[in-house]
Amino acid sequence: MHIVPERDIADLMTRAAAFDAVEKVFAAMAAKDAYNFPVIREAIGHEDALYGFKGGFDRAGATLGLKAGGYWPNNLEKRGLINHQSTVFLFDPDTGKVSAMVGGNLLTALRTAAASSVSIKHLAREDSKIIGMVGAGHQATFQLRAALEQRSFEKVIGWNLHPEMLPNLEKVASEAGLPFEAVDLPGLKEADVIITITSSFDPIVLSEHISEGTHIACMGTDTVGKQEVAADLLTRATVFTDEVAQSTTLGEAQHAVANGSLKPEQITQLGAVINGIHGGRTSDGEVTLFDGTGVGLQDLAVASSVVDLAIEKGTAIEVDF
């Protein structure tokens, strides 16, 4: 078994490699060459933590495994640790033997950012100039860096429940040589692309905050009850997702499906656009929405890639297990 500890991930996995791995696994899912297992995600009744397992099998990539981990909201304040904690385990699909254990914290951040970035590549208008961020926490900086690589953006705008965190976004914008402006929620109408990345259980973004032709990537809702945007926005938009089953049960679409305003068959896998099965955006005035629920196959794809790199560079720790 090979071990790639968290401390080595930053030297191995790039945004470009994460993007490539996620785009390929979305395509494999749509082609039915890969599938996710049912998600387990529970409030454990300790430290306000959410803990769970995401796994799957990618026949095309010969990748089998799971990610174990979750969200500990008190970590940063109490312990100086990031709130998201996870580890990926890979298994040999031919024998079932464990083949690798990989630190999953940075990989989760990179693959989540890659997913919204893939959606921007395939769904946002080519002439998109202004990107809006809803949320300014640790993950938001990863989302913004990845997104800025997909279009020739000229400005970043942002909103956060706690405005004192907005300098996190301003710093990333400054690194890219772009101006940053803090806005109220109605100010999001200026944006051509919007990424929501919060842990909200109440809708923040309303349909009236969104202009025609906007692409929205909803990346924070991954648990039953969470919600970042109003349900009627999903009925207004053309909705895409990583996996329909997750989108309708624990993703952003769960609320519109529950109230009957959106049917599961109206939601399209992003991989179908990547594969050319679905045409994606049909006009400059169409509102597109990507419901990024975070599938286990994303974690397995980036973890498998990083193990290969670690073995190639001779940094992987090999143990007899």
# chains A, B, ... in the order shown; residues from 1 in each chain; ligands from 1

call {"tool": "residues_around", "arguments": {"residues": "Val22 of chain A", "least_positions_apart": "5", "cutoff": "12 Å", "atoms": "only C-alpha atoms", "output": "count of residues only"}}
result
37

call {"tool": "select_by_dssp", "arguments": {"residues": "segment 34-186 of chain A", "states": "helix (DSSP H, G or I)", "output": "PDB file with N, CA, C and O atoms, in the first residue's frame"}}
result
ATOM      1  N   ASN A  75     -13.079  23.695  14.303  1.00  0.00           N
ATOM      2  CA  ASN A  75     -11.650  23.397  14.196  1.00  0.00           C
ATOM      3  C   ASN A  75     -10.773  24.648  14.130  1.00  0.00           C
ATOM      4  O   ASN A  75      -9.762  24.749  14.826  1.00  0.00           O
ATOM      5  N   LEU A  76     -11.146  25.569  13.259  1.00  0.00           N
ATOM      6  CA  LEU A  76     -10.286  26.734  13.037  1.00  0.00           C
ATOM      7  C   LEU A  76     -10.155  27.570  14.305  1.00  0.00           C
ATOM      8  O   LEU A  76      -9.046  27.943  14.706  1.00  0.00           O
ATOM      9  N   GLU A  77     -11.272  27.828  14.950  1.00  0.00           N
ATOM     10  CA  GLU A  77     -11.262  28.677  16.147  1.00  0.00           C
ATOM     11  C   GLU A  77     -10.610  27.979  17.333  1.00  0.00           C
ATOM     12  O   GLU A  77      -9.828  28.590  18.073  1.00  0.00           O
ATOM     13  N   LYS A  78     -10.882  26.689  17.512  1.00  0.00           N
ATOM     14  CA  LYS A  78     -10.389  25.985  18.695  1.00  0.00           C
ATOM     15  C   LYS A  78      -8.988  25.416  18.537  1.00  0.00           C
ATOM     16  O   LYS A  78      -8.220  25.352  19.500  1.00  0.00           O
ATOM     17  N   ARG A  79      -8.664  24.974  17.304  1.00  0.00           N
ATOM     18  CA  ARG A  79      -7.436  24.179  17.143  1.00  0.00           C
ATOM     19  C   ARG A  79      -6.489  24.686  16.060  1.00  0.00           C
ATOM     20  O   ARG A  79      -5.416  24.118  15.868  1.00  0.00           O
ATOM     21  N   ASN A 105      -7.514  16.633   2.386  1.00  0.00           N
ATOM     22  CA  ASN A 105      -7.969  18.002   2.645  1.00  0.00           C
ATOM     23  C   ASN A 105      -7.729  18.941   1.463  1.00  0.00           C
ATOM     24  O   ASN A 105      -8.666  19.546   0.942  1.00  0.00           O
ATOM     25  N   LEU A 106      -6.482  19.062   1.036  1.00  0.00           N
ATOM     26  CA  LEU A 106      -6.184  19.923  -0.105  1.00  0.00           C
ATOM     27  C   LEU A 106      -6.806  19.356  -1.380  1.00  0.00           C
ATOM     28  O   LEU A 106      -7.306  20.109  -2.227  1.00  0.00           O
ATOM     29  N   LEU A 107      -6.815  18.032  -1.521  1.00  0.00           N
ATOM     30  CA  LEU A 107      -7.421  17.418  -2.710  1.00  0.00           C
ATOM     31  C   LEU A 107      -8.901  17.762  -2.804  1.00  0.00           C
ATOM     32  O   LEU A 107      -9.422  18.023  -3.894  1.00  0.00           O
ATOM     33  N   THR A 108      -9.605  17.767  -1.662  1.00  0.00           N
ATOM     34  CA  THR A 108     -11.026  18.123  -1.669  1.00  0.00           C
ATOM     35  C   THR A 108     -11.212  19.559  -2.126  1.00  0.00           C
ATOM     36  O   THR A 108     -12.104  19.869  -2.929  1.00  0.00           O
ATOM     37  N   ALA A 109     -10.366  20.447  -1.629  1.00  0.00           N
ATOM     38  CA  ALA A 109     -10.457  21.847  -2.033  1.00  0.00           C
ATOM     39  C   ALA A 109     -10.197  22.010  -3.523  1.00  0.00           C
ATOM     40  O   ALA A 109     -10.916  22.744  -4.217  1.00  0.00           O
ATOM     41  N   LEU A 110      -9.196  21.311  -4.045  1.00  0.00           N
ATOM     42  CA  LEU A 110      -8.840  21.427  -5.454  1.00  0.00           C
ATOM     43  C   LEU A 110      -9.895  20.806  -6.362  1.00  0.00           C
ATOM     44  O   LEU A 110     -10.243  21.362  -7.400  1.00  0.00           O
ATOM     45  N   ARG A 111     -10.447  19.648  -5.960  1.00  0.00           N
ATOM     46  CA  ARG A 111     -11.439  19.010  -6.825  1.00  0.00           C
ATOM     47  C   ARG A 111     -12.763  19.758  -6.805  1.00  0.00           C
ATOM     48  O   ARG A 111     -13.466  19.822  -7.813  1.00  0.00           O
ATOM     49  N   THR A 112     -13.108  20.359  -5.665  1.00  0.00           N
ATOM     50  CA  THR A 112     -14.337  21.154  -5.597  1.00  0.00           C
ATOM     51  C   THR A 112     -14.211  22.389  -6.478  1.00  0.00           C
ATOM     52  O   THR A 112     -15.145  22.748  -7.209  1.00  0.00           O
ATOM     53  N   ALA A 113     -13.065  23.019  -6.414  1.00  0.00           N
ATOM     54  CA  ALA A 113     -12.820  24.176  -7.271  1.00  0.00           C
ATOM     55  C   ALA A 113     -12.786  23.774  -8.750  1.00  0.00           C
ATOM     56  O   ALA A 113     -13.291  24.498  -9.613  1.00  0.00           O
ATOM     57  N   ALA A 114     -12.214  22.615  -9.022  1.00  0.00           N
ATOM     58  CA  ALA A 114     -12.145  22.148 -10.404  1.00  0.00           C
ATOM     59  C   ALA A 114     -13.537  21.900 -10.967  1.00  0.00           C
ATOM     60  O   ALA A 114     -13.803  22.176 -12.149  1.00  0.00           O
ATOM     61  N   ALA A 115     -14.453  21.388 -10.143  1.00  0.00           N
ATOM     62  CA  ALA A 115     -15.801  21.086 -10.624  1.00  0.00           C
ATOM     63  C   ALA A 115     -16.521  22.346 -11.095  1.00  0.00           C
ATOM     64  O   ALA A 115     -17.123  22.364 -12.178  1.00  0.00           O
ATOM     65  N   SER A 116     -16.479  23.413 -10.307  1.00  0.00           N
ATOM     66  CA  SER A 116     -17.129  24.653 -10.750  1.00  0.00           C
ATOM     67  C   SER A 116     -16.404  25.238 -11.949  1.00  0.00           C
ATOM     68  O   SER A 116     -17.020  25.808 -12.854  1.00  0.00           O
ATOM     69  N   SER A 117     -15.085  25.072 -11.989  1.00  0.00           N
ATOM     70  CA  SER A 117     -14.296  25.565 -13.108  1.00  0.00           C
ATOM     71  C   SER A 117     -14.663  24.829 -14.403  1.00  0.00           C
ATOM     72  O   SER A 117     -14.781  25.437 -15.477  1.00  0.00           O
ATOM     73  N   VAL A 118     -14.874  23.518 -14.305  1.00  0.00           N
ATOM     74  CA  VAL A 118     -15.313  22.742 -15.474  1.00  0.00           C
ATOM     75  C   VAL A 118     -16.676  23.240 -15.949  1.00  0.00           C
ATOM     76  O   VAL A 118     -16.929  23.373 -17.149  1.00  0.00           O
ATOM     77  N   SER A 119     -17.559  23.543 -14.991  1.00  0.00           N
ATOM     78  CA  SER A 119     -18.887  24.038 -15.385  1.00  0.00           C
ATOM     79  C   SER A 119     -18.791  25.385 -16.088  1.00  0.00           C
ATOM     80  O   SER A 119     -19.540  25.653 -17.038  1.00  0.00           O
ATOM     81  N   ILE A 120     -17.889  26.238 -15.639  1.00  0.00           N
ATOM     82  CA  ILE A 120     -17.705  27.543 -16.282  1.00  0.00           C
ATOM     83  C   ILE A 120     -17.185  27.354 -17.708  1.00  0.00           C
ATOM     84  O   ILE A 120     -17.667  27.988 -18.662  1.00  0.00           O
ATOM     85  N   LYS A 121     -16.224  26.467 -17.882  1.00  0.00           N
ATOM     86  CA  LYS A 121     -15.683  26.197 -19.214  1.00  0.00           C
ATOM     87  C   LYS A 121     -16.773  25.797 -20.193  1.00  0.00           C
ATOM     88  O   LYS A 121     -16.815  26.281 -21.334  1.00  0.00           O
ATOM     89  N   HIS A 122     -17.684  24.936 -19.760  1.00  0.00           N
ATOM     90  CA  HIS A 122     -18.657  24.350 -20.682  1.00  0.00           C
ATOM     91  C   HIS A 122     -19.998  25.078 -20.723  1.00  0.00           C
ATOM     92  O   HIS A 122     -20.775  24.833 -21.656  1.00  0.00           O
ATOM     93  N   LEU A 123     -20.270  25.976 -19.754  1.00  0.00           N
ATOM     94  CA  LEU A 123     -21.608  26.571 -19.694  1.00  0.00           C
ATOM     95  C   LEU A 123     -21.643  28.098 -19.680  1.00  0.00           C
ATOM     96  O   LEU A 123     -22.653  28.687 -20.079  1.00  0.00           O
ATOM     97  N   HIS A 138     -12.365  29.737   3.398  1.00  0.00           N
ATOM     98  CA  HIS A 138     -11.180  29.035   2.900  1.00  0.00           C
ATOM     99  C   HIS A 138     -11.405  28.479   1.496  1.00  0.00           C
ATOM    100  O   HIS A 138     -10.587  28.685   0.595  1.00  0.00           O
ATOM    101  N   GLN A 139     -12.534  27.799   1.282  1.00  0.00           N
ATOM    102  CA  GLN A 139     -12.778  27.175  -0.018  1.00  0.00           C
ATOM    103  C   GLN A 139     -13.014  28.195  -1.121  1.00  0.00           C
ATOM    104  O   GLN A 139     -12.697  27.951  -2.283  1.00  0.00           O
ATOM    105  N   ALA A 140     -13.564  29.342  -0.764  1.00  0.00           N
ATOM    106  CA  ALA A 140     -13.869  30.351  -1.776  1.00  0.00           C
ATOM    107  C   ALA A 140     -12.623  30.803  -2.525  1.00  0.00           C
ATOM    108  O   ALA A 140     -12.677  31.103  -3.726  1.00  0.00           O
ATOM    109  N   THR A 141     -11.482  30.841  -1.858  1.00  0.00           N
ATOM    110  CA  THR A 141     -10.252  31.278  -2.529  1.00  0.00           C
ATOM    111  C   THR A 141      -9.825  30.258  -3.591  1.00  0.00           C
ATOM    112  O   THR A 141      -9.333  30.631  -4.650  1.00  0.00           O
ATOM    113  N   PHE A 142     -10.022  28.973  -3.306  1.00  0.00           N
ATOM    114  CA  PHE A 142      -9.719  27.943  -4.295  1.00  0.00           C
ATOM    115  C   PHE A 142     -10.667  28.057  -5.485  1.00  0.00           C
ATOM    116  O   PHE A 142     -10.258  27.930  -6.641  1.00  0.00           O
ATOM    117  N   GLN A 143     -11.944  28.288  -5.182  1.00  0.00           N
ATOM    118  CA  GLN A 143     -12.937  28.416  -6.260  1.00  0.00           C
ATOM    119  C   GLN A 143     -12.577  29.572  -7.187  1.00  0.00           C
ATOM    120  O   GLN A 143     -12.629  29.434  -8.418  1.00  0.00           O
ATOM    121  N   LEU A 144     -12.232  30.695  -6.598  1.00  0.00           N
ATOM    122  CA  LEU A 144     -11.967  31.881  -7.403  1.00  0.00           C
ATOM    123  C   LEU A 144     -10.717  31.705  -8.261  1.00  0.00           C
ATOM    124  O   LEU A 144     -10.713  32.058  -9.452  1.00  0.00           O
ATOM    125  N   ARG A 145      -9.649  31.170  -7.677  1.00  0.00           N
ATOM    126  CA  ARG A 145      -8.423  30.976  -8.464  1.00  0.00           C
ATOM    127  C   ARG A 145      -8.671  30.074  -9.678  1.00  0.00           C
ATOM    128  O   ARG A 145      -8.205  30.353 -10.783  1.00  0.00           O
ATOM    129  N   ALA A 146      -9.407  28.993  -9.466  1.00  0.00           N
ATOM    130  CA  ALA A 146      -9.681  28.070 -10.568  1.00  0.00           C
ATOM    131  C   ALA A 146     -10.590  28.703 -11.612  1.00  0.00           C
ATOM    132  O   ALA A 146     -10.379  28.559 -12.819  1.00  0.00           O
ATOM    133  N   ALA A 147     -11.598  29.424 -11.150  1.00  0.00           N
ATOM    134  CA  ALA A 147     -12.562  30.036 -12.071  1.00  0.00           C
ATOM    135  C   ALA A 147     -11.922  31.091 -12.960  1.00  0.00           C
ATOM    136  O   ALA A 147     -12.257  31.209 -14.150  1.00  0.00           O
ATOM    137  N   PRO A 163     -18.682  40.329   6.413  1.00  0.00           N
ATOM    138  CA  PRO A 163     -17.897  41.139   5.477  1.00  0.00           C
ATOM    139  C   PRO A 163     -16.406  41.201   5.785  1.00  0.00           C
ATOM    140  O   PRO A 163     -15.596  41.442   4.889  1.00  0.00           O
ATOM    141  N   GLU A 164     -16.052  40.989   7.048  1.00  0.00           N
ATOM    142  CA  GLU A 164     -14.629  41.063   7.410  1.00  0.00           C
ATOM    143  C   GLU A 164     -13.797  39.976   6.729  1.00  0.00           C
ATOM    144  O   GLU A 164     -12.557  40.049   6.735  1.00  0.00           O
ATOM    145  N   MET A 165     -14.456  38.991   6.127  1.00  0.00           N
ATOM    146  CA  MET A 165     -13.733  37.926   5.431  1.00  0.00           C
ATOM    147  C   MET A 165     -13.505  38.232   3.951  1.00  0.00           C
ATOM    148  O   MET A 165     -12.765  37.512   3.274  1.00  0.00           O
ATOM    149  N   PRO A 167     -11.663  40.342   2.405  1.00  0.00           N
ATOM    150  CA  PRO A 167     -10.273  40.480   1.952  1.00  0.00           C
ATOM    151  C   PRO A 167      -9.661  39.181   1.426  1.00  0.00           C
ATOM    152  O   PRO A 167      -8.695  39.228   0.655  1.00  0.00           O
ATOM    153  N   ASN A 168     -10.198  38.029   1.829  1.00  0.00           N
ATOM    154  CA  ASN A 168      -9.727  36.757   1.259  1.00  0.00           C
ATOM    155  C   ASN A 168      -9.912  36.742  -0.251  1.00  0.00           C
ATOM    156  O   ASN A 168      -9.032  36.280  -0.999  1.00  0.00           O
ATOM    157  N   LEU A 169     -11.057  37.252  -0.704  1.00  0.00           N
ATOM    158  CA  LEU A 169     -11.339  37.309  -2.138  1.00  0.00           C
ATOM    159  C   LEU A 169     -10.537  38.422  -2.811  1.00  0.00           C
ATOM    160  O   LEU A 169     -10.026  38.257  -3.924  1.00  0.00           O
ATOM    161  N   GLU A 170     -10.440  39.540  -2.128  1.00  0.00           N
ATOM    162  CA  GLU A 170      -9.701  40.679  -2.687  1.00  0.00           C
ATOM    163  C   GLU A 170      -8.244  40.308  -2.943  1.00  0.00           C
ATOM    164  O   GLU A 170      -7.645  40.712  -3.956  1.00  0.00           O
ATOM    165  N   LYS A 171      -7.671  39.512  -2.056  1.00  0.00           N
ATOM    166  CA  LYS A 171      -6.282  39.083  -2.220  1.00  0.00           C
ATOM    167  C   LYS A 171      -6.105  38.247  -3.482  1.00  0.00           C
ATOM    168  O   LYS A 171      -5.156  38.440  -4.246  1.00  0.00           O
ATOM    169  N   VAL A 172      -7.032  37.320  -3.730  1.00  0.00           N
ATOM    170  CA  VAL A 172      -6.943  36.479  -4.924  1.00  0.00           C
ATOM    171  C   VAL A 172      -7.126  37.326  -6.179  1.00  0.00           C
ATOM    172  O   VAL A 172      -6.411  37.148  -7.176  1.00  0.00           O
ATOM    173  N   ALA A 173      -8.087  38.251  -6.131  1.00  0.00           N
ATOM    174  CA  ALA A 173      -8.300  39.129  -7.280  1.00  0.00           C
ATOM    175  C   ALA A 173      -7.049  39.952  -7.558  1.00  0.00           C
ATOM    176  O   ALA A 173      -6.628  40.099  -8.720  1.00  0.00           O
ATOM    177  N   SER A 174      -6.435  40.465  -6.508  1.00  0.00           N
ATOM    178  CA  SER A 174      -5.229  41.276  -6.650  1.00  0.00           C
ATOM    179  C   SER A 174      -4.094  40.463  -7.256  1.00  0.00           C
ATOM    180  O   SER A 174      -3.344  40.957  -8.117  1.00  0.00           O
ATOM    181  N   GLU A 175      -3.966  39.197  -6.824  1.00  0.00           N
ATOM    182  CA  GLU A 175      -2.944  38.311  -7.391  1.00  0.00           C
ATOM    183  C   GLU A 175      -3.115  38.165  -8.900  1.00  0.00           C
ATOM    184  O   GLU A 175      -2.137  38.013  -9.648  1.00  0.00           O
ATOM    185  N   LEU A 185     -26.356  41.901  -2.028  1.00  0.00           N
ATOM    186  CA  LEU A 185     -26.859  40.810  -2.859  1.00  0.00           C
ATOM    187  C   LEU A 185     -27.482  41.292  -4.172  1.00  0.00           C
ATOM    188  O   LEU A 185     -27.240  40.678  -5.225  1.00  0.00           O
ATOM    189  N   PRO A 186     -28.262  42.370  -4.186  1.00  0.00           N
ATOM    190  CA  PRO A 186     -28.758  42.848  -5.481  1.00  0.00           C
ATOM    191  C   PRO A 186     -27.649  43.241  -6.453  1.00  0.00           C
ATOM    192  O   PRO A 186     -27.831  43.197  -7.677  1.00  0.00           O
TER     193      PRO A 186
END

call {"tool": "closest_residue", "arguments": {"among": "A:Met101, A:Ala60, A:Val229, A:Val205", "to": "Ala30 of chain A", "atoms": "only C-alpha atoms"}}
result
A:Ala60

call {"tool": "atom_distance", "arguments": {"atom1": "atom CA of Glu42 of chain A", "atom2": "atom CA of Ala136 of chain A"}}
result
25.1 Å

call {"tool": "residues_around", "arguments": {"residues": "Ser199 of chain A", "least_positions_apart": "3", "cutoff": "8 Å", "atoms": "only C-alpha atoms", "output": "MDAnalysis selection string"}}
result
chainID A and resid 220:221 226 228
